[in-house]
>>> print(open('model15.cif').read())   # mmCIF, C-alpha atoms (C1' of nucleotides)
data_query
loop_
_atom_site.label_atom_id
_atom_site.label_comp_id
_atom_site.auth_asym_id
_atom_site.auth_seq_id
_atom_site.Cartn_x
_atom_site.Cartn_y
_atom_site.Cartn_z
CA MET A 225 12.23 -6.95 19.45
CA VAL A 226 11.86 -5.63 22.96
CA VAL A 227 15.01 -6.15 24.92
CA ASP A 228 15.22 -3.92 27.91
CA GLY A 229 11.84 -2.33 28.09
CA VAL A 230 12.67 -0.33 25.03
CA THR A 231 10.18 -1.08 22.31
CA ASP A 232 10.90 -1.18 18.63
CA GLU A 233 8.83 1.89 18.12
CA ALA A 234 10.82 3.80 20.71
CA VAL A 235 14.02 2.87 18.93
CA ASP A 236 12.42 3.88 15.65
CA ARG A 237 11.57 7.29 17.04
CA LEU A 238 14.98 7.65 18.61
CA PHE A 239 16.97 6.97 15.46
CA HIS A 240 14.53 8.82 13.28
CA ALA A 241 14.91 11.89 15.45
CA LEU A 242 18.67 11.61 15.19
CA ALA A 243 18.55 11.24 11.41
CA ASP A 244 18.29 14.96 10.75
CA ALA A 245 21.11 17.44 10.93
CA THR A 246 18.89 20.27 12.16
CA ARG A 247 17.57 18.15 14.99
CA ARG A 248 21.05 17.02 15.97
CA ASP A 249 22.07 20.64 16.04
CA ILE A 250 19.13 21.48 18.27
CA LEU A 251 20.27 18.76 20.61
CA ARG A 252 23.72 20.29 20.78
CA ARG A 253 22.35 23.73 21.51
CA CYS A 254 19.95 22.71 24.24
CA VAL A 255 22.22 21.03 26.71
CA ARG A 256 21.89 23.92 29.08
CA GLY A 257 18.17 24.13 28.65
CA GLU A 258 18.27 27.91 28.34
CA LEU A 259 16.87 28.25 24.85
CA SER A 260 13.23 28.92 24.19
CA VAL A 261 11.65 27.61 21.03
CA SER A 262 11.52 31.01 19.43
CA ARG A 263 15.14 31.79 20.27
CA LEU A 264 16.01 28.41 18.84
CA ALA A 265 13.97 29.15 15.76
CA ALA A 266 15.86 32.37 15.21
CA ALA A 267 19.00 30.32 14.70
CA TYR A 268 17.75 28.43 11.67
CA PRO A 269 16.75 29.48 8.20
CA MET A 270 13.24 28.17 8.58
CA SER A 271 9.99 29.18 10.17
CA PHE A 272 9.15 29.03 13.83
CA ALA A 273 6.58 26.35 13.16
CA ALA A 274 9.14 24.18 11.42
CA VAL A 275 11.50 24.35 14.38
CA GLN A 276 8.57 23.69 16.65
CA LYS A 277 7.90 20.50 14.74
CA HIS A 278 11.51 19.44 15.06
CA VAL A 279 11.38 20.00 18.79
CA THR A 280 8.21 17.93 18.95
CA VAL A 281 9.95 15.08 17.13
CA LEU A 282 12.83 15.26 19.58
CA GLU A 283 10.45 15.40 22.49
CA ARG A 284 8.48 12.35 21.36
CA ALA A 285 11.76 10.51 20.97
CA GLY A 286 12.63 11.33 24.55
CA LEU A 287 15.66 13.34 23.51
CA VAL A 288 14.54 16.68 24.92
CA THR A 289 12.11 17.96 27.50
CA LYS A 290 10.28 21.26 27.62
CA GLN A 291 9.76 23.35 30.67
CA ARG A 292 7.54 26.37 30.87
CA HIS A 293 9.18 29.51 32.06
CA GLY A 294 6.67 32.28 31.94
CA ARG A 295 5.42 32.50 28.43
CA GLU A 296 8.49 30.79 27.10
CA GLN A 297 9.06 27.09 26.68
CA LEU A 298 12.64 26.20 27.46
CA VAL A 299 14.02 23.22 25.59
CA ARG A 300 16.49 21.00 27.29
CA THR A 301 18.38 18.01 25.99
CA ASP A 302 18.03 14.92 28.12
CA PRO A 303 21.52 13.92 29.20
CA ASP A 304 20.51 10.26 29.24
CA ALA A 305 19.33 10.44 25.67
CA VAL A 306 22.62 9.50 24.12
CA GLY A 307 22.82 6.71 26.61
CA ARG A 308 19.58 5.28 25.32
CA ALA A 309 20.74 5.49 21.74
CA ARG A 310 23.98 3.85 22.68
CA GLN A 311 22.06 1.13 24.45
CA ALA A 312 20.06 0.48 21.30
CA LEU A 313 23.30 0.08 19.41
CA ASP A 314 24.64 -2.20 22.08
CA GLU A 315 21.59 -4.37 21.79
CA LEU A 316 22.08 -4.60 18.07
CA GLU A 317 25.71 -5.51 18.47
CA SER A 318 25.09 -8.03 21.20
CA ALA A 319 22.37 -9.59 19.07
CA TRP A 320 24.93 -10.00 16.33
CA ARG A 321 27.40 -11.63 18.63
CA ALA A 322 24.75 -13.86 20.11
CA ARG A 323 23.77 -14.95 16.64
CA VAL A 324 27.34 -15.65 15.61
CA ASP A 325 27.97 -17.42 18.87
CA ARG A 326 24.86 -19.52 18.58
CA MET A 327 25.73 -20.58 15.08
CA SER A 328 29.22 -21.48 16.17
CA GLY A 329 27.73 -23.50 18.96
CA LEU A 330 25.35 -25.32 16.68
CA LEU A 331 28.09 -26.13 14.23
CA SER A 332 30.29 -27.60 16.92
CA ASP A 333 27.51 -29.28 18.83
CA ASP A 334 25.21 -30.90 16.34
CA GLY A 335 26.75 -30.59 12.95
CA THR A 336 24.00 -32.65 11.34
CA GLY A 337 22.90 -30.00 8.96
CA ALA A 338 22.08 -27.68 11.78
CA GLY A 339 24.12 -24.98 10.18
CA PRO A 340 22.99 -22.46 7.65
CA GLY A 341 22.52 -25.18 5.14
CA PRO A 342 19.54 -24.68 2.89
CA GLY A 343 18.16 -28.12 3.52
CA THR A 344 17.26 -27.47 7.13
CA GLY A 345 15.53 -24.23 6.47
CA PRO A 346 16.91 -21.95 9.17
CA ARG A 347 13.54 -20.38 9.73
CA ALA A 348 10.31 -20.39 7.88
CA ASP A 349 8.56 -18.05 10.25
CA PRO A 350 8.73 -14.36 9.48
CA GLY A 351 11.02 -13.79 12.40
CA PRO A 352 10.90 -11.85 15.62
CA ASP A 353 10.60 -8.30 14.41
CA ALA A 354 8.77 -8.97 11.23
CA THR A 355 5.72 -9.88 13.22
CA THR A 356 5.97 -6.96 15.57
CA ASN A 357 6.88 -4.19 13.20
CA THR A 358 3.31 -3.82 12.07
CA LYS A 359 3.48 -0.12 12.65
CA LYS A 360 2.11 0.34 9.18
CA GLY A 361 -0.24 -2.58 8.98
CA GLN A 362 0.59 -3.66 5.49
CA ASP A 363 -2.05 -6.35 5.33
CA GLY A 364 -4.08 -4.57 2.79
CA MET B 10 29.10 19.19 10.69
CA VAL B 11 31.99 17.17 9.39
CA VAL B 12 34.13 15.93 12.19
CA ASP B 13 36.07 12.87 11.26
CA GLY B 14 35.47 12.59 7.57
CA VAL B 15 31.89 11.64 8.31
CA THR B 16 29.55 14.12 6.69
CA ASP B 17 26.18 15.15 7.97
CA GLU B 18 24.53 13.35 5.13
CA ALA B 19 26.34 10.17 6.00
CA VAL B 20 25.10 10.44 9.56
CA ASP B 21 21.63 11.15 8.23
CA ARG B 22 21.72 7.99 6.15
CA LEU B 23 23.16 6.00 9.01
CA PHE B 24 20.50 6.91 11.56
CA HIS B 25 17.73 6.82 9.01
CA ALA B 26 18.71 3.28 8.07
CA LEU B 27 18.68 2.30 11.72
CA ALA B 28 15.27 3.87 12.29
CA ASP B 29 13.33 0.90 10.97
CA ALA B 30 12.73 -2.36 12.79
CA THR B 31 12.82 -4.44 9.62
CA ARG B 32 16.17 -3.01 8.65
CA ARG B 33 17.58 -3.55 12.11
CA ASP B 34 16.42 -7.13 11.89
CA ILE B 35 18.13 -7.53 8.54
CA LEU B 36 21.30 -6.29 10.13
CA ARG B 37 21.03 -8.89 12.85
CA ARG B 38 20.47 -11.68 10.37
CA CYS B 39 23.28 -10.82 8.02
CA VAL B 40 26.27 -10.96 10.30
CA ARG B 41 27.45 -14.15 8.72
CA GLY B 42 26.85 -12.88 5.24
CA GLU B 43 25.28 -16.13 4.15
CA LEU B 44 21.83 -14.85 3.31
CA SER B 45 20.86 -13.90 -0.20
CA VAL B 46 18.33 -11.19 -0.77
CA SER B 47 15.63 -13.63 -1.78
CA ARG B 48 16.24 -15.85 1.21
CA LEU B 49 16.11 -12.74 3.35
CA ALA B 50 12.91 -11.68 1.66
CA ALA B 51 11.33 -15.02 2.45
CA ALA B 52 11.65 -14.16 6.12
CA TYR B 53 9.46 -11.08 6.02
CA PRO B 54 5.79 -10.53 5.25
CA MET B 55 6.52 -8.26 2.34
CA SER B 56 7.56 -8.52 -1.25
CA PHE B 57 11.02 -9.27 -2.52
CA ALA B 58 11.26 -5.79 -3.97
CA ALA B 59 10.47 -4.21 -0.63
CA VAL B 60 13.24 -6.13 1.09
CA GLN B 61 15.52 -5.25 -1.78
CA LYS B 62 14.84 -1.60 -1.10
CA HIS B 63 15.59 -2.03 2.57
CA VAL B 64 18.89 -3.67 1.71
CA THR B 65 19.67 -0.79 -0.62
CA VAL B 66 19.03 1.69 2.17
CA LEU B 67 21.33 -0.26 4.45
CA GLU B 68 23.94 -0.48 1.73
CA ARG B 69 23.90 3.25 1.04
CA ALA B 70 24.27 3.86 4.75
CA GLY B 71 27.36 1.69 4.77
CA LEU B 72 25.77 -0.82 7.11
CA VAL B 73 25.89 -3.82 4.80
CA THR B 74 27.77 -4.92 1.72
CA LYS B 75 26.65 -7.21 -1.05
CA GLN B 76 28.75 -9.87 -2.67
CA ARG B 77 27.78 -11.81 -5.72
CA HIS B 78 27.90 -15.55 -5.34
CA GLY B 79 26.73 -17.09 -8.54
CA ARG B 80 23.31 -15.71 -9.23
CA GLU B 81 22.78 -14.84 -5.63
CA GLN B 82 23.68 -11.64 -3.90
CA LEU B 83 24.87 -12.35 -0.39
CA VAL B 84 24.21 -9.60 2.13
CA ARG B 85 26.67 -9.07 4.89
CA THR B 86 26.54 -6.68 7.80
CA ASP B 87 29.60 -4.52 8.14
CA PRO B 88 31.08 -5.22 11.57
CA ASP B 89 32.37 -1.65 11.80
CA ALA B 90 28.92 -0.25 11.18
CA VAL B 91 27.94 -0.06 14.82
CA GLY B 92 31.26 1.57 15.48
CA ARG B 93 30.43 4.35 13.07
CA ALA B 94 27.04 4.90 14.62
CA ARG B 95 28.59 4.94 18.04
CA GLN B 96 31.12 7.45 16.82
CA ALA B 97 28.35 9.70 15.61
CA LEU B 98 26.81 9.53 19.07
CA ASP B 99 30.17 10.23 20.62
CA GLU B 100 30.53 13.32 18.49
CA LEU B 101 27.12 14.51 19.60
CA GLU B 102 27.96 13.93 23.21
CA SER B 103 31.38 15.53 23.01
CA ALA B 104 29.85 18.51 21.26
CA TRP B 105 27.52 18.84 24.22
CA ARG B 106 30.32 18.78 26.68
CA ALA B 107 32.38 21.21 24.67
CA ARG B 108 29.45 23.59 24.54
CA VAL B 109 28.80 23.34 28.24
CA ASP B 110 32.44 23.86 28.94
CA ARG B 111 32.72 26.83 26.65
CA MET B 112 29.61 28.45 28.05
CA SER B 113 31.00 28.17 31.49
CA GLY B 114 33.72 30.46 30.22
CA LEU B 115 32.04 33.13 28.21
CA LEU B 116 28.29 32.89 28.67
CA SER B 117 27.39 33.52 25.08
CA ASP B 118 23.88 32.46 24.22
CA ASP B 119 24.14 32.04 20.50
CA GLY B 120 27.75 31.12 20.16
CA THR B 121 28.07 33.94 17.64
CA GLY B 122 31.42 35.57 17.97
CA ALA B 123 32.96 32.76 19.90
CA GLY B 124 36.45 34.19 19.90
CA PRO B 125 38.46 31.73 21.96
CA GLY B 126 37.81 28.82 19.67
CA PRO B 127 38.61 29.43 16.03
CA GLY B 128 39.72 25.99 15.11
CA THR B 129 38.06 24.07 17.88
CA GLY B 130 34.73 25.82 17.64
CA PRO B 131 32.20 23.53 16.03
CA ARG B 132 30.50 26.42 14.30
CA ALA B 133 29.89 30.11 14.43
CA ASP B 134 27.07 30.74 12.00
CA PRO B 135 23.47 30.15 12.99
CA GLY B 136 22.51 27.63 10.39
CA PRO B 137 25.50 25.36 10.15
CA ASP B 138 23.81 22.18 9.24
CA ALA B 139 20.72 23.86 8.04
CA THR B 140 22.72 25.40 5.25
CA THR B 141 24.45 22.20 4.35
CA ASN B 142 21.51 19.91 4.57
CA THR B 143 20.20 21.17 1.28
CA LYS B 144 19.35 17.68 0.28
CA LYS B 145 15.97 19.03 -0.63
CA GLY B 146 16.94 22.32 -2.20
CA GLN B 147 13.70 24.23 -1.84
CA ASP B 148 14.84 27.13 -4.00
CA GLY B 149 12.01 26.76 -6.41
"C1'" DT C 154 -7.00 47.67 29.10
"C1'" DC C 155 -4.24 47.09 25.22
"C1'" DC C 156 -0.41 45.43 22.83
"C1'" DA C 157 3.60 42.70 21.85
"C1'" DT C 158 5.54 38.20 22.36
"C1'" DC C 159 5.60 33.24 22.67
"C1'" DT C 160 3.41 29.14 21.84
"C1'" DA C 161 0.23 25.79 19.78
"C1'" DC C 162 -2.09 23.96 16.12
"C1'" DA C 163 -4.57 23.50 11.77
"C1'" DA C 164 -4.54 23.55 6.74
"C1'" DC C 165 -1.98 23.09 2.84
"C1'" DC C 166 1.84 21.68 -0.40
"C1'" DA C 167 6.03 19.21 -2.44
"C1'" DT C 168 8.96 15.55 -1.67
"C1'" DT C 169 10.28 11.25 0.36
"C1'" DT C 170 9.29 6.76 2.10
"C1'" DG C 171 7.70 2.19 2.08
"C1'" DG C 172 5.00 -0.74 -0.02
"C1'" DT C 173 3.00 -2.98 -4.38
"C1'" DT C 174 3.17 -5.11 -9.24
"C1'" DG C 175 5.27 -5.88 -13.56
"C1'" DT C 176 9.04 -6.50 -16.58
"C1'" DA C 177 13.73 -7.31 -18.12
"C1'" DC C 178 18.12 -9.54 -17.57
"C1'" DG C 179 21.80 -12.70 -15.92
"C1'" DT C 180 22.83 -17.25 -14.11
"C1'" DT C 181 22.16 -22.09 -13.06
"C1'" DA C 182 19.99 -26.53 -13.87
"C1'" DG C 183 17.82 -29.98 -16.88
"C1'" DC D 204 17.91 -24.32 -25.72
"C1'" DT D 205 14.58 -23.75 -22.30
"C1'" DA D 206 12.90 -23.31 -17.78
"C1'" DA D 207 13.46 -21.75 -13.23
"C1'" DC D 208 15.66 -18.87 -10.04
"C1'" DG D 209 17.65 -14.55 -8.34
"C1'" DT D 210 18.27 -9.89 -9.11
"C1'" DA D 211 17.47 -5.16 -10.73
"C1'" DC D 212 14.64 -1.54 -11.82
"C1'" DA D 213 10.65 1.16 -13.33
"C1'" DA D 214 5.92 2.71 -12.55
"C1'" DC D 215 2.54 3.42 -9.40
"C1'" DC D 216 0.14 4.47 -4.88
"C1'" DA D 217 -0.85 5.73 0.15
"C1'" DA D 218 1.12 7.65 3.97
"C1'" DA D 219 4.63 10.17 6.35
"C1'" DT D 220 7.96 14.04 6.40
"C1'" DG D 221 9.39 18.67 6.29
"C1'" DG D 222 8.35 22.85 5.05
"C1'" DT D 223 4.99 26.95 4.58
"C1'" DT D 224 1.22 30.35 6.16
"C1'" DG D 225 -2.49 31.63 9.00
"C1'" DT D 226 -5.04 31.80 13.21
"C1'" DA D 227 -5.96 31.48 18.02
"C1'" DG D 228 -4.82 31.22 22.96
"C1'" DA D 229 -1.57 32.50 27.00
"C1'" DT D 230 1.50 35.42 29.16
"C1'" DG D 231 3.87 39.74 30.52
"C1'" DG D 232 4.50 44.70 30.36
"C1'" DA D 233 3.20 49.80 29.46
#
>>> encode(input="model15.cif", output="C-alpha cells")
Amino acid sequence: MVVDGVTDEAVDRLFHALADATRRDILRRCVRGELSVSRLAAAYPMSFAAVQKHVTVLERAGLVTKQRHGREQLVRTDPDAVGRARQALDELESAWRARVDRMSGLLSDDGTGAGPGPGTGPRADPGPDATTNTKKGQDG
Amino acid sequence: MVVDGVTDEAVDRLFHALADATRRDILRRCVRGELSVSRLAAAYPMSFAAVQKHVTVLERAGLVTKQRHGREQLVRTDPDAVGRARQALDELESAWRARVDRMSGLLSDDGTGAGPGPGTGPRADPGPDATTNTKKGQDG
DNA sequence: TCCATCTACAACCATTTGGTTGTACGTTAG
DNA sequence: CTAACGTACAACCAAATGGTTGTAGATGGA
C-alpha cells in the first residue's frame, strides 16, 4: 500500500511513534528545537536512556530531527510531521471513499452479481497490503 | 492530556491501532460493513484468530464496530474514526502553536510557572502524560 | 591536564504484541 | 439431532517495546 511515496512501513513508524503519550509530549516541547536530550529527560520521571530511546523512535519516524550544538544534541520537531500523518489519514479516507464509490459504480453498471454477493467471491487473493506487510515474515 | 473528552489512552489506542498495515487494510475493506470476521480472515495470510485479534484492537480503538447478523459478526468501519484521529493531530498541532506563541511572550524553557495561562495552559508539571500513562504501573 | 557534562550504546529484564493451535459454544442447514 | 460454520477465548511462543543500569566516547571549562 504505497500511495504517494510513503511506504507502509513509514506509516507504521509514524503512527507507532504517535501512539505514546510521552512521545507526543516530547513533540509538543520540541517545536522550538531548543531542548537538548538531557534537558528533555529531566522533564520526565524516567531515565535519560529511556528518553533517548523515545527520541530515537521519533527520529526514525521522521517526526523530529537532531542537531548538534556543542556537546548537546538539540531536538526539534519537524513542522511537516503532522502534515505527513494527516496525509496518511487522508489516504485512508480516500481509499474508503474510492471503495464505496467503486462498489456503487459496479452495482449500477453491471449488477450481475458483481456486488458483494458471496457467489462472485469479491477477492480470493490476500489483498494489496497483506502481501506487502511481511515486515515480520510469518511464513514459519 | 485530555482536551476534548479524548483521553491520552484513547489516543494511544487510536494511533496504535493505525500503526499496522493489516489493520489499516481491514479498515479500508470494512467501510460497507458487509464483511464477517471469517470472510475478512480469508483475505489475509494468517489465522482466523489473528485477524480476530486485529479486529478487537480496532474495536477497542473505536475504529470499527461489530454487528451480529445471524451467526456472523459483520465488521464495519466507523466513518467518524478518521475524524477522531485527525482531531488528535489537530490537538498536537495546536499545542505546538500555543507553545510557540506563549514562548514568544515569556521565554520560559520548561513551562514551569507559566503564570499567564492558568486555564489555557496545557500543563505545568514536568511529567503530565508520564504520570497519567501508568498503563504499565511499574511500582513493583 | 583533569573533571564534569552530554551523548551513545550495550546488556538485561518485565510486559506487550502478534502470531499460532486447540477447544468450547452458538447458530444455521440438512 | 447432527454436522458444518462462525465466533470467542485460552494457552502458548517468539519478537518487539519500554524501562533499567552500566560503560565508554566526545565536548567544554577550570
>>> closest_residue(input="model15.cif", among="B:Arg106, B:Arg33, B:Arg85, B:His78", to="chain D", atoms="only C-alpha atoms (C1' of nucleotides)")
B:His78
>>> interface_residues(input="model15.cif", of="chain D", to="chain B", cutoff="9 Å", atoms="only C-alpha atoms (C1' of nucleotides)", output="list of chain:residue names")
D:DC208, D:DG209, D:DT210, D:DG222
>>> interface_residues(input="model15.cif", of="chain A", to="chain B", cutoff="6 Å", atoms="all atoms listed in the file", output="number ranges by chain")
A: 236, 239-240, 243-246, 252, 267-268, 320, 350, 354
>>> write_last_selection(input="model15.cif", atoms="C-alpha atoms", output="mmCIF file, in the frame of the given file")
data_model
loop_
_atom_site.group_PDB
_atom_site.id
_atom_site.type_symbol
_atom_site.label_atom_id
_atom_site.label_comp_id
_atom_site.auth_asym_id
_atom_site.auth_seq_id
_atom_site.Cartn_x
_atom_site.Cartn_y
_atom_site.Cartn_z
ATOM 1 C CA ASP A 236 12.420 3.880 15.650
ATOM 2 C CA PHE A 239 16.970 6.970 15.460
ATOM 3 C CA HIS A 240 14.530 8.820 13.280
ATOM 4 C CA ALA A 243 18.550 11.240 11.410
ATOM 5 C CA ASP A 244 18.290 14.960 10.750
ATOM 6 C CA ALA A 245 21.110 17.440 10.930
ATOM 7 C CA THR A 246 18.890 20.270 12.160
ATOM 8 C CA ARG A 252 23.720 20.290 20.780
ATOM 9 C CA ALA A 267 19.000 30.320 14.700
ATOM 10 C CA TYR A 268 17.750 28.430 11.670
ATOM 11 C CA TRP A 320 24.930 -10.000 16.330
ATOM 12 C CA PRO A 350 8.730 -14.360 9.480
ATOM 13 C CA ALA A 354 8.770 -8.970 11.230
#
>>> interface_residues(input="model15.cif", of="chain C", to="chain A", cutoff="8 Å", atoms="all atoms listed in the file", output="VMD selection string")
chain C and resid 159 to 160 172
>>> closest_residue(input="model15.cif", among="D:DT224, D:DA217, D:DA207, D:DG231", to="Ala274 in chain A", atoms="all atoms listed in the file")
D:DT224
